[in-house]
Amino acid sequence: GAVVSQHPSWVICKSGTSVKIECRSLDFQATTMFWYRQFPKQSLMLMATSNEGSKATYEQGVEKDKFLINHASLTLSTLTVTSAHPEDSSFYICSAEMGGTEAFFGQGTRLTVV
Amino acid sequence: GNSVTQMEGPVTLSEEAFLTINCTYTATGYPSLFWYVQYPGEGLQLLLKATKADDKGSNKGFEATYRKETTSFHLEKGSVQVSDSAVYFCALSDRTGANNLFFGTGTRLTVIP
């Protein structure tokens with residue numbers, strides 16, 4: 001199957017700083033990428049949907065100014081957690097799909113804000 | 001609204017044991033149902049899916065049947081192997097594609113020799 005690479009796998013940052021997470025489709029062009037968040041013992045929750053070259057669509061309750069999503073090319077989307085706080089500590093997962101076919105997932109990024 | 005309720009883990013089984021991971025759902029309309037698996041250090045991978053009632057998805061010895069009457073999509077395998085150790089996620093999509101997935105909490109399976 002297609003490969004989606006997410007980087008970094010884990011990151012620790014200080015409260016108040018910003019963190020960027022990259023999601024790359026390695027062997028296909030992703031028309032749409034999705035960002036999910038998972039708290040311990042909870043479901044993966046869709047945060048936003050992004051299409052290349054256009055603004056991301058955020059789910060209700062997700063702060064777009066805090067979670068900046070950029071989908072500048074068909075193979076790269078980035079999620080930037082701005083002014084991170086301990087409550088932003090979570091597991092973030094991206095997925096990518098091409099033309100409404102199966103979604104392929106990255107391995108996830110564990111963010112810890114101290 | 002849409003939601004997925006999944007059996008809590010962790011589940012520990014001996015090799016060759018029978019596996020069942022329960023999954024029930026709530027959805028408007030007629031969703032597609034999925035099981036994803038996440039092996040250590042890797043991303044979620046689609047394990048199997050079913051798009052309509054009474055469909056059975058199967059892959060790598062795993063099976064799940066879309067039961068509309070009980071709103072369930074339980075995952076089963078007759079004889080698990082150590083290599084099946086992973087986290088399993090049940091999910092639904094209320095569209096024809098795989099986007100906008102609603103996930104269960106995941107069930108960690110550990111198979112011991």
# chains A, B, ... in the order shown; residues from 1 in each chain; ligands from 1
>>> closest_atom_pairs(of="chain A", to="chain B", cutoff="7 Å", atoms="only C-alpha atoms", output="JSON lines")
{"residue": "A:Lys41", "atom": "CA", "partner": "B:Thr105", "partner_atom": "CA", "distance": 6.0}
{"residue": "A:Gln42", "atom": "CA", "partner": "B:Thr105", "partner_atom": "CA", "distance": 4.8}
{"residue": "A:Ser43", "atom": "CA", "partner": "B:Thr105", "partner_atom": "CA", "distance": 4.0}
{"residue": "A:Leu44", "atom": "CA", "partner": "B:Phe103", "partner_atom": "CA", "distance": 5.7}
{"residue": "A:Gly100", "atom": "CA", "partner": "B:Gly97", "partner_atom": "CA", "distance": 5.3}
{"residue": "A:Thr101", "atom": "CA", "partner": "B:Gly97", "partner_atom": "CA", "distance": 6.0}
{"residue": "A:Glu102", "atom": "CA", "partner": "B:Ala98", "partner_atom": "CA", "distance": 5.3}
{"residue": "A:Ala103", "atom": "CA", "partner": "B:Ala98", "partner_atom": "CA", "distance": 5.8}
{"residue": "A:Phe104", "atom": "CA", "partner": "B:Gln45", "partner_atom": "CA", "distance": 6.9}
{"residue": "A:Phe105", "atom": "CA", "partner": "B:Gly43", "partner_atom": "CA", "distance": 5.2}
{"residue": "A:Gly106", "atom": "CA", "partner": "B:Gly43", "partner_atom": "CA", "distance": 4.6}
{"residue": "A:Gln107", "atom": "CA", "partner": "B:Gly43", "partner_atom": "CA", "distance": 3.4}
{"residue": "A:Gly108", "atom": "CA", "partner": "B:Gly43", "partner_atom": "CA", "distance": 6.5}
>>> residues_around(residues="Leu19 in chain B", least_positions_apart="5", cutoff="8 Å", atoms="only C-alpha atoms", output="PyMOL selection string")
chain B and resi 13+75-80
>>> write_last_selection(atoms="C-alpha atoms", output="PDB file, in the first residue's frame")
ATOM      1  CA  LEU B  13      -4.180 -14.258  24.551  1.00  0.00           C
ATOM      2  CA  LEU B  75     -13.651  -8.629  14.807  1.00  0.00           C
ATOM      3  CA  GLU B  76     -12.802 -12.329  15.010  1.00  0.00           C
ATOM      4  CA  LYS B  77      -9.891 -14.589  14.282  1.00  0.00           C
ATOM      5  CA  GLY B  78      -9.871 -18.289  14.858  1.00  0.00           C
ATOM      6  CA  SER B  79      -6.227 -18.723  15.794  1.00  0.00           C
ATOM      7  CA  VAL B  80      -4.089 -15.733  16.693  1.00  0.00           C
TER       8      VAL B  80
END
>>> residues_around(residues="Pro31 in chain B", least_positions_apart="3", cutoff="7 Å", atoms="only C-alpha atoms", output="compact mmCIF listing (two decimals) with N, CA and C atoms, in the first residue's frame")
# COMPACT_ATOMS: atom_id res chain seq x y z
N ALA B 27 -25.05 5.42 14.12
CA ALA B 27 -24.85 6.22 12.91
C ALA B 27 -26.18 6.63 12.32
N THR B 51 -19.20 -2.50 3.49
CA THR B 51 -19.90 -1.28 3.10
C THR B 51 -21.41 -1.36 3.21
N LEU B 92 -16.07 3.92 11.56
CA LEU B 92 -17.14 4.02 10.57
C LEU B 92 -16.97 5.29 9.76
N SER B 93 -17.50 5.23 8.55
CA SER B 93 -17.52 6.39 7.68
C SER B 93 -18.94 6.57 7.19
N ASP B 94 -19.39 7.81 7.27
CA ASP B 94 -20.75 8.05 6.81
C ASP B 94 -20.79 8.53 5.36
N ARG B 95 -19.66 8.35 4.66
CA ARG B 95 -19.63 8.70 3.24
C ARG B 95 -19.19 7.48 2.45
>>> atom_distance(atom1="CA of Ala30 in chain A", atom2="CA of Glu52 in chain A")
8.0 Å
>>> residues_around(residues="Pro40 in chain A", least_positions_apart="6", cutoff="12 Å", atoms="only C-alpha atoms", output="number ranges by chain")
A: 89-92, 110; B: 105-106
>>> write_last_selection(atoms="N, CA and C atoms", output="compact mmCIF listing (two decimals), in the first residue's frame")
# COMPACT_ATOMS: atom_id res chain seq x y z
N SER A 89 -0.86 18.30 25.02
CA SER A 89 -0.14 17.02 24.96
C SER A 89 -1.11 15.93 24.49
N SER A 90 -0.70 15.24 23.48
CA SER A 90 -1.61 14.27 22.87
C SER A 90 -0.87 13.49 21.80
N PHE A 91 -1.59 12.60 21.16
CA PHE A 91 -1.06 11.83 20.04
C PHE A 91 -1.75 12.36 18.78
N TYR A 92 -0.96 12.85 17.85
CA TYR A 92 -1.50 13.44 16.62
C TYR A 92 -1.19 12.51 15.45
N ARG A 110 3.73 11.78 19.05
CA ARG A 110 3.35 12.01 20.45
C ARG A 110 3.96 13.32 20.91
N THR B 105 -11.96 3.56 20.51
CA THR B 105 -10.80 3.92 21.33
C THR B 105 -9.59 3.05 21.07
N GLY B 106 -9.77 1.96 20.36
CA GLY B 106 -8.65 1.05 20.11
C GLY B 106 -8.55 -0.01 21.18
>>> select_by_dssp(residues="range 42-77 of chain A", states="strand (DSSP E)", output="ChimeraX atom specification")
/A:44-51,57-58,67-73,76-77
>>> residues_around(residues="Thr31 in chain A", least_positions_apart="5", cutoff="8 Å", atoms="only C-alpha atoms", output="list of chain:residue names")
A:Asn51, A:Glu52, A:Leu74, A:Ala96, A:Glu97, A:Met98, A:Gly99
>>> write_last_selection(atoms="N, CA, C and O atoms", output="PDB file, in the first residue's frame")
ATOM      1  N   ASN A  51      -7.133  20.325   1.908  1.00  0.00           N
ATOM      2  CA  ASN A  51      -6.940  20.046   0.492  1.00  0.00           C
ATOM      3  C   ASN A  51      -5.825  20.932  -0.027  1.00  0.00           C
ATOM      4  O   ASN A  51      -5.699  22.088   0.386  1.00  0.00           O
ATOM      5  N   GLU A  52      -5.027  20.383  -0.898  1.00  0.00           N
ATOM      6  CA  GLU A  52      -3.865  21.105  -1.406  1.00  0.00           C
ATOM      7  C   GLU A  52      -4.249  22.445  -1.988  1.00  0.00           C
ATOM      8  O   GLU A  52      -5.181  22.529  -2.802  1.00  0.00           O
ATOM      9  N   LEU A  74       1.020  18.579  -2.962  1.00  0.00           N
ATOM     10  CA  LEU A  74       0.243  17.339  -2.981  1.00  0.00           C
ATOM     11  C   LEU A  74       0.892  16.219  -2.183  1.00  0.00           C
ATOM     12  O   LEU A  74       0.319  15.141  -2.066  1.00  0.00           O
ATOM     13  N   ALA A  96      -3.733  10.466   4.598  1.00  0.00           N
ATOM     14  CA  ALA A  96      -3.770  11.064   3.272  1.00  0.00           C
ATOM     15  C   ALA A  96      -4.530  10.157   2.332  1.00  0.00           C
ATOM     16  O   ALA A  96      -4.461   8.931   2.443  1.00  0.00           O
ATOM     17  N   GLU A  97      -5.274  10.758   1.435  1.00  0.00           N
ATOM     18  CA  GLU A  97      -5.976   9.963   0.440  1.00  0.00           C
ATOM     19  C   GLU A  97      -5.879  10.638  -0.917  1.00  0.00           C
ATOM     20  O   GLU A  97      -5.573  11.814  -1.031  1.00  0.00           O
ATOM     21  N   MET A  98      -6.118   9.835  -1.923  1.00  0.00           N
ATOM     22  CA  MET A  98      -6.046  10.339  -3.294  1.00  0.00           C
ATOM     23  C   MET A  98      -7.385  10.090  -3.959  1.00  0.00           C
ATOM     24  O   MET A  98      -7.791   8.944  -4.128  1.00  0.00           O
ATOM     25  N   GLY A  99      -8.081  11.133  -4.220  1.00  0.00           N
ATOM     26  CA  GLY A  99      -9.309  11.005  -4.991  1.00  0.00           C
ATOM     27  C   GLY A  99     -10.405  10.190  -4.345  1.00  0.00           C
ATOM     28  O   GLY A  99     -11.123   9.466  -5.039  1.00  0.00           O
TER      29      GLY A  99
END
>>> residues_around(residues="Cys13 in chain A", least_positions_apart="6", cutoff="9 Å", atoms="only C-alpha atoms", output="ChimeraX atom specification")
/A:19,84,111-114
>>> residues_around(residues="Val82 in chain B", least_positions_apart="5", cutoff="9 Å", atoms="only C-alpha atoms", output="list in words")
Ser14, Glu15, Glu16, Thr110, Val111, Ile112 and Pro113 of chain B
